[in-house]
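Asks: After the structure tokens below, expect a handful of questions from me.
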Amino acid sequence: MRTKLQRCAYNIQKCLDSIYLLFIFITLYFAVTSTNLNLRSNSGDEFIGIGTTWVSIVFLLIIIAIVLAFAVNQTFRTLWRRVFIQHGVLVATIMVVLALLWQLIVILQTHPAIGFDPGAIHEALTQTSSANIRSYYSYNTNNLSLLLIQHEIAKVMHNTSWLMFDLVNWLLLIGTLLVNMTTVWFVDKRKLAIGLYTHAVWLMLFPMVLVPYSDIYVLPFVALLILCYVIISTTKWHIVLKVGISIIAGLTLSGIYFLKPSAMIPIIAIFVVEFLHILITRDNNQKIMLMKILVVTVFLLTAGFSYQLGNKVLQNQTYMVIQKNRTLPPIHFISMGVSGDGGYNAQDVLAMAKQPSQAAMSRYSKDKLIERLQQKGFIGYLIFLIHKQDKNTSDGTFAWLKEGRFIIDKPAKNGVKSVIQNIIYPSGHYLSDFHFIAQFWWVMCIGIISLGWRQKDRLTAVLRLAIVGGFLYLLIFEGGRSRYIIQFLPIFLLLTVFVWPQTVALIQEKLSWLNVNKKNM
């Protein structure tokens, strides 16, 4: 019989599960209804392209042909299982290698200059005396850590080119892949093939490798944090080894904070799920509890010490001279997140520059936030949040090209470079096809996650709660475009892998009537 505390913890867990299901099915709806899936002759939108071509039609026909052949042809099903399941790890590894080679070719053939924040960071690698650049970092000190990291990389490589930093991005994505696959190996080796397939498709459709920004730099750290949690919570390693892993986790969390603080949300999910698990299971084994306390203590001490060290480095750095106490306050981003589509607001940023102090910035942002909330009213704000969730999560290209001065180059006229640039550049002939195919993958990913709701274990609970936390963060703070989802991609990818069997089982159950009809024919 459950105690009152157990029942409370159990009910909280059920409530969190319900919130997750609400969010993920809303997200699936928005992904399915995205304009990226429109087969159109001309959209008139420079960010989406001039319209889909024969490429999208052929892609759809191939998908339909595979589905029909799998449904009606036993020989095809046998061949498919033999190639993609029995030899799945080998075939999937080949696909991953091809995807990485494709990304490398894209980098070598393009490596364009990028606008918005990455452009400001790149400019600061060679120009530190500009008043505009110093002003940028005075207000956006959150990007100072990444600037210093890229500055150190540039010193070691004696190179500040976009090509070099795109190659660094490529290595970071390889690192993310390897860490995520290690996590899958620890959890369930049988899912390595589906893990490799999932990551291969993602890498093939991820031109953000060309954007050297914190979105990419934080990915291996987020993946590593999850791996550390898996090792500590699921393995029977000696306590000394687990303490060592907790030190790595503490350093990883600190790295995440300095690169992109919002990406720390998974650690909150871990603590919440583990706390509820302790309450529900009533684990009174003193030895196990002492081990957990030791691991958590070492983790917190390491994270705190490394934070202090990193903060000291930032405070004492002399590479970029900035005006201290001019950093944009958090409430500015909350206020901005209630304007327009919930994204970047140039007028708000200009207003911040006119304020005499950080305290004045906070007062202005608070007043603006209250004014916007009052204008919307309770119902209006709920409607706005639903709209913002659409903007935050629906775009499977992760807002490719939808930032200020993203890429200003035009596609080349001929050769391999022309083909690649016509796929991903503004006004590219096949840009709409890229949006269509990338959106199809995103719908499949969210669909698998949504239909895998029957999977119940602590790790999936952590991953689901981390996704909910990410959604809530983007609803509260600046969002308005799906680029901010990139920081949580290791979570989405891992969850897709782990719930895959449950999703397949559910689909097979719902389609079992087809087999019955075949037998009766």
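By convention in this document, the chains of the structure tokens carry letters A, B, ... by their order, each chain's residues are numbered from 1, and ligands are numbered from 1 in the order they are shown.
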Compile the contact shell of A:Ala193 as a list in words: residues with an atom at most 6 Å away, counting only C-alpha atoms, same-chain residues fewer than 3 positions apart removed.

Replies: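 Near A:Ala193, the qualifying residues are Gly88, Val89, Ala92 and Leu196 of chain A.
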
Asks: Neighbouring residues of A:Leu259 were defined as those with any atom within 12 Å, considering only C-alpha atoms; residues of the same chain fewer than 2 positions away were excluded. Please report them as a VMD selection string.

Replies: chain A and resid 141 to 150 213 to 222 252 to 257 261 to 264 307 310 487

Asks: Would you save the residues from that selection as a short mmCIF file (atom, residue, chain, number, x, y, z; two decimals), in the first residue's frame, using N, CA, C and O atoms?

Replies:
data_model
loop_
_atom_site.label_atom_id
_atom_site.label_comp_id
_atom_site.auth_asym_id
_atom_site.auth_seq_id
_atom_site.Cartn_x
_atom_site.Cartn_y
_atom_site.Cartn_z
N THR A 141 27.03 39.60 -23.35
CA THR A 141 28.20 38.94 -22.74
C THR A 141 28.05 37.42 -22.73
O THR A 141 29.03 36.71 -22.48
N ASN A 142 26.85 36.92 -22.99
CA ASN A 142 26.67 35.46 -23.06
C ASN A 142 27.48 34.85 -24.20
O ASN A 142 27.81 33.66 -24.17
N ASN A 143 27.82 35.65 -25.22
CA ASN A 143 28.61 35.14 -26.35
C ASN A 143 30.11 35.37 -26.17
O ASN A 143 30.90 34.99 -27.05
N LEU A 144 30.49 35.95 -25.05
CA LEU A 144 31.92 36.22 -24.81
C LEU A 144 32.70 34.92 -24.65
O LEU A 144 33.84 34.81 -25.12
N SER A 145 32.11 33.93 -23.99
CA SER A 145 32.78 32.64 -23.80
C SER A 145 33.11 32.00 -25.14
O SER A 145 34.23 31.52 -25.36
N LEU A 146 32.12 31.98 -26.03
CA LEU A 146 32.35 31.37 -27.35
C LEU A 146 33.40 32.15 -28.13
O LEU A 146 34.22 31.54 -28.84
N LEU A 147 33.39 33.47 -28.02
CA LEU A 147 34.40 34.27 -28.69
C LEU A 147 35.80 33.88 -28.22
O LEU A 147 36.71 33.69 -29.03
N LEU A 148 35.98 33.75 -26.92
CA LEU A 148 37.29 33.40 -26.38
C LEU A 148 37.72 32.01 -26.82
O LEU A 148 38.90 31.77 -27.11
N ILE A 149 36.75 31.07 -26.90
CA ILE A 149 37.07 29.72 -27.36
C ILE A 149 37.51 29.76 -28.82
O ILE A 149 38.54 29.16 -29.19
N GLN A 150 36.75 30.48 -29.65
CA GLN A 150 37.12 30.56 -31.06
C GLN A 150 38.44 31.32 -31.25
O GLN A 150 39.22 31.00 -32.16
N TYR A 213 28.32 28.56 -34.25
CA TYR A 213 27.69 29.29 -33.16
C TYR A 213 27.44 28.33 -31.99
O TYR A 213 27.63 27.12 -32.11
N SER A 214 26.98 28.85 -30.88
CA SER A 214 26.81 28.07 -29.66
C SER A 214 25.81 26.93 -29.83
O SER A 214 25.87 25.94 -29.11
N ASP A 215 24.86 27.06 -30.78
CA ASP A 215 23.90 25.99 -31.04
C ASP A 215 24.63 24.67 -31.30
O ASP A 215 24.20 23.61 -30.85
N ILE A 216 25.72 24.74 -32.07
CA ILE A 216 26.49 23.54 -32.41
C ILE A 216 27.50 23.21 -31.33
O ILE A 216 27.66 22.04 -30.96
N TYR A 217 28.17 24.21 -30.80
CA TYR A 217 29.23 23.96 -29.81
C TYR A 217 28.71 23.27 -28.56
O TYR A 217 29.43 22.52 -27.91
N VAL A 218 27.44 23.49 -28.22
CA VAL A 218 26.91 22.93 -26.98
C VAL A 218 26.42 21.49 -27.16
O VAL A 218 26.23 20.77 -26.17
N LEU A 219 26.23 21.03 -28.40
CA LEU A 219 25.64 19.72 -28.65
C LEU A 219 26.41 18.56 -28.00
O LEU A 219 25.80 17.72 -27.31
N PRO A 220 27.75 18.46 -28.19
CA PRO A 220 28.45 17.34 -27.55
C PRO A 220 28.40 17.41 -26.03
O PRO A 220 28.43 16.37 -25.36
N PHE A 221 28.30 18.61 -25.46
CA PHE A 221 28.20 18.75 -24.01
C PHE A 221 26.86 18.21 -23.49
O PHE A 221 26.81 17.52 -22.47
N VAL A 222 25.78 18.55 -24.20
CA VAL A 222 24.46 18.05 -23.81
C VAL A 222 24.44 16.53 -23.92
O VAL A 222 23.93 15.83 -23.02
N THR A 252 31.13 19.20 -17.42
CA THR A 252 30.26 19.32 -18.60
C THR A 252 29.15 20.34 -18.35
O THR A 252 28.86 21.18 -19.21
N LEU A 253 28.54 20.27 -17.18
CA LEU A 253 27.46 21.22 -16.86
C LEU A 253 27.97 22.64 -16.86
O LEU A 253 27.32 23.56 -17.37
N SER A 254 29.16 22.84 -16.32
CA SER A 254 29.75 24.18 -16.32
C SER A 254 30.02 24.66 -17.74
O SER A 254 29.77 25.82 -18.09
N GLY A 255 30.50 23.75 -18.59
CA GLY A 255 30.73 24.10 -20.00
C GLY A 255 29.45 24.50 -20.69
O GLY A 255 29.42 25.46 -21.47
N ILE A 256 28.37 23.76 -20.41
CA ILE A 256 27.07 24.10 -20.98
C ILE A 256 26.64 25.49 -20.55
O ILE A 256 26.14 26.29 -21.36
N TYR A 257 26.83 25.81 -19.26
CA TYR A 257 26.42 27.11 -18.75
C TYR A 257 27.12 28.25 -19.51
O TYR A 257 26.47 29.23 -19.89
N PRO A 261 23.33 28.70 -21.52
CA PRO A 261 22.73 28.33 -20.23
C PRO A 261 21.41 27.58 -20.34
O PRO A 261 21.12 26.71 -19.52
N SER A 262 20.60 27.89 -21.36
CA SER A 262 19.30 27.22 -21.49
C SER A 262 19.46 25.72 -21.73
O SER A 262 18.53 24.94 -21.45
N ALA A 263 20.61 25.29 -22.23
CA ALA A 263 20.84 23.87 -22.49
C ALA A 263 21.10 23.09 -21.21
O ALA A 263 21.30 21.87 -21.26
N MET A 264 21.08 23.77 -20.05
CA MET A 264 21.25 23.09 -18.77
C MET A 264 19.95 22.42 -18.30
O MET A 264 19.94 21.69 -17.31
N TYR A 307 32.63 26.48 -12.39
CA TYR A 307 31.93 27.72 -12.69
C TYR A 307 32.72 28.93 -12.18
O TYR A 307 32.89 29.92 -12.90
N GLY A 310 35.72 29.43 -14.44
CA GLY A 310 35.33 29.99 -15.73
C GLY A 310 34.91 31.44 -15.62
O GLY A 310 35.24 32.27 -16.48
N GLN A 487 19.76 23.06 -29.68
CA GLN A 487 20.49 22.74 -28.46
C GLN A 487 19.95 21.49 -27.76
O GLN A 487 20.66 20.86 -26.98
#

Asks: From the options A:Leu475, A:Ala200, A:Gly51, A:Gln358, which residue's atoms come nearest to A:Gln323, counting only C-alpha atoms?

Replies: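 Ranking A:Leu475, A:Ala200, A:Gly51, A:Gln358 by distance to A:Gln323, first place goes to A:Gln358.
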
Asks: Taking only C-alpha atoms into account, produce a table as a tab-separated table in which each residue of stretch 265-331 of chain A with an atom at most 8 Å from an atom of stretch 453-463 of chain A appears once, together with its shortest atom pair and the distance in Å to one decimal, ordered by chain and rising number.

Replies:
residue	atom	partner	partner_atom	distance
A:Pro266	CA	A:Val462	CA	7.3
A:Ala269	CA	A:Val462	CA	5.4
A:Ile270	CA	A:Val462	CA	5.5
A:Val273	CA	A:Val462	CA	6.1
A:Glu274	CA	A:Arg458	CA	7.7
A:His277	CA	A:Arg458	CA	7.8

Asks: What lies within 8 Å of A:Pro118 using only C-alpha atoms, ignoring chain neighbours under 3 positions off, as a PyMOL selection string?

Replies: chain A and resi 114-115+121-122+211-213

Asks: Provide the atom CA of A:Leu431 to atom CA of A:Ile408 distance in Å, to one decimal place.

Replies: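 Separation between atom CA of A:Leu431 and atom CA of A:Ile408: 14.7 Å.
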
Asks: Report as an MDAnalysis selection string: the residues of stretch 72-277 of chain A with a DSSP assignment of alpha helix (DSSP H), based on the backbone of this structure.

Replies: chainID A and resid 72 74:81 88:109 116:124 131:139 144:157 162:187 192:204 214:217 219:234 239:259 265:277

Asks: I need the residue nearest A:Leu465 from this list: A:Tyr29, A:Phe299, A:Phe116, A:Phe271. Use only C-alpha atoms for the distance.

Replies: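 Nearest candidate to A:Leu465 out of A:Tyr29, A:Phe299, A:Phe116, A:Phe271: A:Phe271.
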
Asks: Could you check which of A:Ser138, A:Thr281, A:Asn73, A:Asn36 is closest to A:Tyr10, using only C-alpha atoms?

Replies: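 Closest residue, counting only C-alpha atoms: A:Thr281.
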
Asks: Can you tell me which residues surround A:Leu39 at a distance of at most 12 Å, considering only C-alpha atoms, apart from same-chain residues fewer than 3 positions away, and format the answer as a PyMOL selection string?

Replies: chain A and resi 34-36+42-43+48-57+59-60+432-437

Asks: If we count only C-alpha atoms and set the cut-off at 12 Å, which residues sit around A:Asp395, ignoring sequence neighbours fewer than 5 positions away in its own chain? Please answer as number ranges by chain.

Replies: A: 27-37, 47-48, 389-390, 400-402, 434-443, 446, 480-486

Asks: Please produce a file of those selected residues containing N, CA, C and O atoms, as a compact mmCIF listing (two decimals), in the first residue's frame.

Replies:
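To be explicit, this is the file written out as again39.txt:
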# COMPACT_ATOMS: atom_id res chain seq x y z
N THR A 27 2.99 19.64 -30.87
CA THR A 27 4.17 19.83 -31.72
C THR A 27 4.07 19.00 -32.99
O THR A 27 4.41 19.48 -34.08
N LEU A 28 3.59 17.77 -32.87
CA LEU A 28 3.40 16.92 -34.05
C LEU A 28 2.39 17.55 -35.01
O LEU A 28 2.61 17.57 -36.23
N TYR A 29 1.31 18.08 -34.48
CA TYR A 29 0.29 18.72 -35.32
C TYR A 29 0.90 19.90 -36.09
O TYR A 29 0.69 20.03 -37.31
N PHE A 30 1.66 20.74 -35.39
CA PHE A 30 2.26 21.89 -36.05
C PHE A 30 3.29 21.47 -37.10
O PHE A 30 3.42 22.10 -38.15
N ALA A 31 4.03 20.39 -36.82
CA ALA A 31 5.02 19.92 -37.78
C ALA A 31 4.34 19.39 -39.04
O ALA A 31 4.80 19.65 -40.16
N VAL A 32 3.24 18.66 -38.86
CA VAL A 32 2.51 18.10 -40.00
C VAL A 32 1.88 19.19 -40.85
O VAL A 32 1.81 19.08 -42.09
N THR A 33 1.42 20.26 -40.21
CA THR A 33 0.73 21.34 -40.95
C THR A 33 1.68 22.46 -41.37
O THR A 33 1.23 23.49 -41.85
N SER A 34 2.98 22.25 -41.23
CA SER A 34 3.96 23.27 -41.61
C SER A 34 3.89 23.57 -43.11
O SER A 34 3.66 22.67 -43.94
N THR A 35 4.11 24.81 -43.46
CA THR A 35 4.13 25.21 -44.87
C THR A 35 5.29 24.56 -45.62
O THR A 35 5.29 24.54 -46.85
N ASN A 36 6.28 24.04 -44.90
CA ASN A 36 7.40 23.36 -45.56
C ASN A 36 6.94 22.14 -46.35
O ASN A 36 7.63 21.70 -47.27
N LEU A 37 5.79 21.56 -45.96
CA LEU A 37 5.29 20.36 -46.63
C LEU A 37 4.39 20.68 -47.81
O LEU A 37 3.82 19.77 -48.42
N PHE A 47 12.83 32.83 -48.01
CA PHE A 47 13.42 31.93 -47.03
C PHE A 47 13.07 30.48 -47.31
O PHE A 47 13.74 29.57 -46.84
N ILE A 48 12.00 30.23 -48.02
CA ILE A 48 11.55 28.87 -48.31
C ILE A 48 11.97 28.44 -49.71
O ILE A 48 12.26 27.28 -49.97
N GLN A 389 4.34 28.28 -29.76
CA GLN A 389 4.80 26.89 -29.79
C GLN A 389 4.96 26.41 -31.22
O GLN A 389 5.90 25.68 -31.55
N ASP A 390 4.05 26.83 -32.08
CA ASP A 390 4.16 26.52 -33.51
C ASP A 390 5.45 27.09 -34.07
O ASP A 390 6.25 26.38 -34.70
N TRP A 400 16.39 27.51 -40.97
CA TRP A 400 17.49 27.74 -41.90
C TRP A 400 17.22 28.98 -42.75
O TRP A 400 16.17 29.11 -43.35
N LEU A 401 18.16 29.91 -42.75
CA LEU A 401 18.13 31.18 -43.48
C LEU A 401 17.25 32.25 -42.83
O LEU A 401 17.21 33.38 -43.31
N LYS A 402 16.54 31.93 -41.74
CA LYS A 402 15.56 32.86 -41.19
C LYS A 402 16.12 33.70 -40.05
O LYS A 402 15.50 33.89 -39.02
N PHE A 434 14.64 21.06 -50.30
CA PHE A 434 15.33 20.80 -49.02
C PHE A 434 14.38 20.99 -47.86
O PHE A 434 14.33 20.16 -46.94
N HIS A 435 13.60 22.09 -47.87
CA HIS A 435 12.64 22.33 -46.80
C HIS A 435 11.63 21.19 -46.71
O HIS A 435 11.28 20.75 -45.61
N PHE A 436 11.16 20.71 -47.85
CA PHE A 436 10.16 19.65 -47.87
C PHE A 436 10.72 18.36 -47.26
O PHE A 436 10.09 17.73 -46.39
N ILE A 437 11.90 17.95 -47.71
CA ILE A 437 12.48 16.68 -47.25
C ILE A 437 12.89 16.77 -45.78
O ILE A 437 12.67 15.83 -45.00
N ALA A 438 13.48 17.90 -45.38
CA ALA A 438 13.86 18.09 -43.97
C ALA A 438 12.63 18.07 -43.07
O ALA A 438 12.65 17.51 -41.97
N GLN A 439 11.54 18.68 -43.56
CA GLN A 439 10.30 18.69 -42.78
C GLN A 439 9.72 17.28 -42.66
O GLN A 439 9.19 16.91 -41.60
N PHE A 440 9.81 16.52 -43.71
CA PHE A 440 9.33 15.13 -43.69
C PHE A 440 10.08 14.35 -42.61
O PHE A 440 9.47 13.59 -41.84
N TRP A 441 11.39 14.53 -42.55
CA TRP A 441 12.19 13.85 -41.50
C TRP A 441 11.76 14.31 -40.11
O TRP A 441 11.63 13.48 -39.20
N TRP A 442 11.53 15.60 -39.92
CA TRP A 442 11.14 16.12 -38.62
C TRP A 442 9.78 15.56 -38.19
O TRP A 442 9.60 15.21 -37.02
N VAL A 443 8.86 15.47 -39.13
CA VAL A 443 7.55 14.87 -38.83
C VAL A 443 7.72 13.42 -38.40
O VAL A 443 7.09 12.96 -37.43
N ILE A 446 9.27 13.42 -34.75
CA ILE A 446 8.28 13.77 -33.73
C ILE A 446 7.17 12.72 -33.67
O ILE A 446 6.65 12.40 -32.60
N GLY A 480 10.32 32.08 -31.05
CA GLY A 480 9.79 32.56 -32.31
C GLY A 480 10.35 31.91 -33.55
O GLY A 480 9.92 32.20 -34.66
N ARG A 481 11.33 31.01 -33.38
CA ARG A 481 11.88 30.26 -34.51
C ARG A 481 12.53 28.99 -33.96
O ARG A 481 13.01 28.97 -32.83
N SER A 482 12.59 27.97 -34.78
CA SER A 482 12.99 26.66 -34.27
C SER A 482 14.50 26.46 -34.16
O SER A 482 14.94 25.38 -33.78
N ARG A 483 15.29 27.47 -34.49
CA ARG A 483 16.75 27.32 -34.32
C ARG A 483 17.10 26.99 -32.88
O ARG A 483 18.06 26.27 -32.61
N TYR A 484 16.32 27.50 -31.93
CA TYR A 484 16.62 27.26 -30.52
C TYR A 484 16.41 25.80 -30.11
O TYR A 484 16.87 25.37 -29.05
N ILE A 485 15.72 25.02 -30.94
CA ILE A 485 15.53 23.60 -30.65
C ILE A 485 16.83 22.83 -30.85
O ILE A 485 17.02 21.75 -30.27
N ILE A 486 17.75 23.36 -31.65
CA ILE A 486 18.99 22.65 -31.97
C ILE A 486 19.72 22.21 -30.71
O ILE A 486 20.24 21.09 -30.63

Asks: Suppose you want the space between atom CA of A:Asn414 and atom CA of A:Tyr430; what is it in Å?

Replies: 14.1 Å

Asks: State, in Å with one decimal place, the distance from atom CA of A:Leu385 to atom CA of A:Ile449.

Replies: 22.1 Å

Asks: Let me make sure I understand: among A:Arg40, A:Val72, A:Val106, A:Ile12, which one has the smallest atom-to-atom distance to A:Val416 if we use only C-alpha atoms?

Replies: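 Once distances to A:Val416 are computed over only C-alpha atoms, the minimum belongs to A:Val106.
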
Asks: Counting only C-alpha atoms, which residue out of A:Tyr364, A:Phe84, A:Phe206, A:Phe70 sits closest to A:Ile423?

Replies: A:Phe206

Asks: If we count only C-alpha atoms, what is near A:Arg464 at a cut-off of 9 Å, once residues fewer than 5 positions away on the same chain are taken out, given as an MDAnalysis selection string?

Replies: chainID A and resid 16:17 20 269 459 469 491:492 495

Asks: Excluding same-chain residues fewer than 5 positions from A:Ala412, what lies within 10 Å of it counting only C-alpha atoms, as a list of chain:residue names?

Replies: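 Result of the neighbour search: A:Thr110, A:Lys417, A:Ser418, A:Val419, A:Ile420, A:Gln421, A:Asn422, A:Tyr425, A:Gly428.
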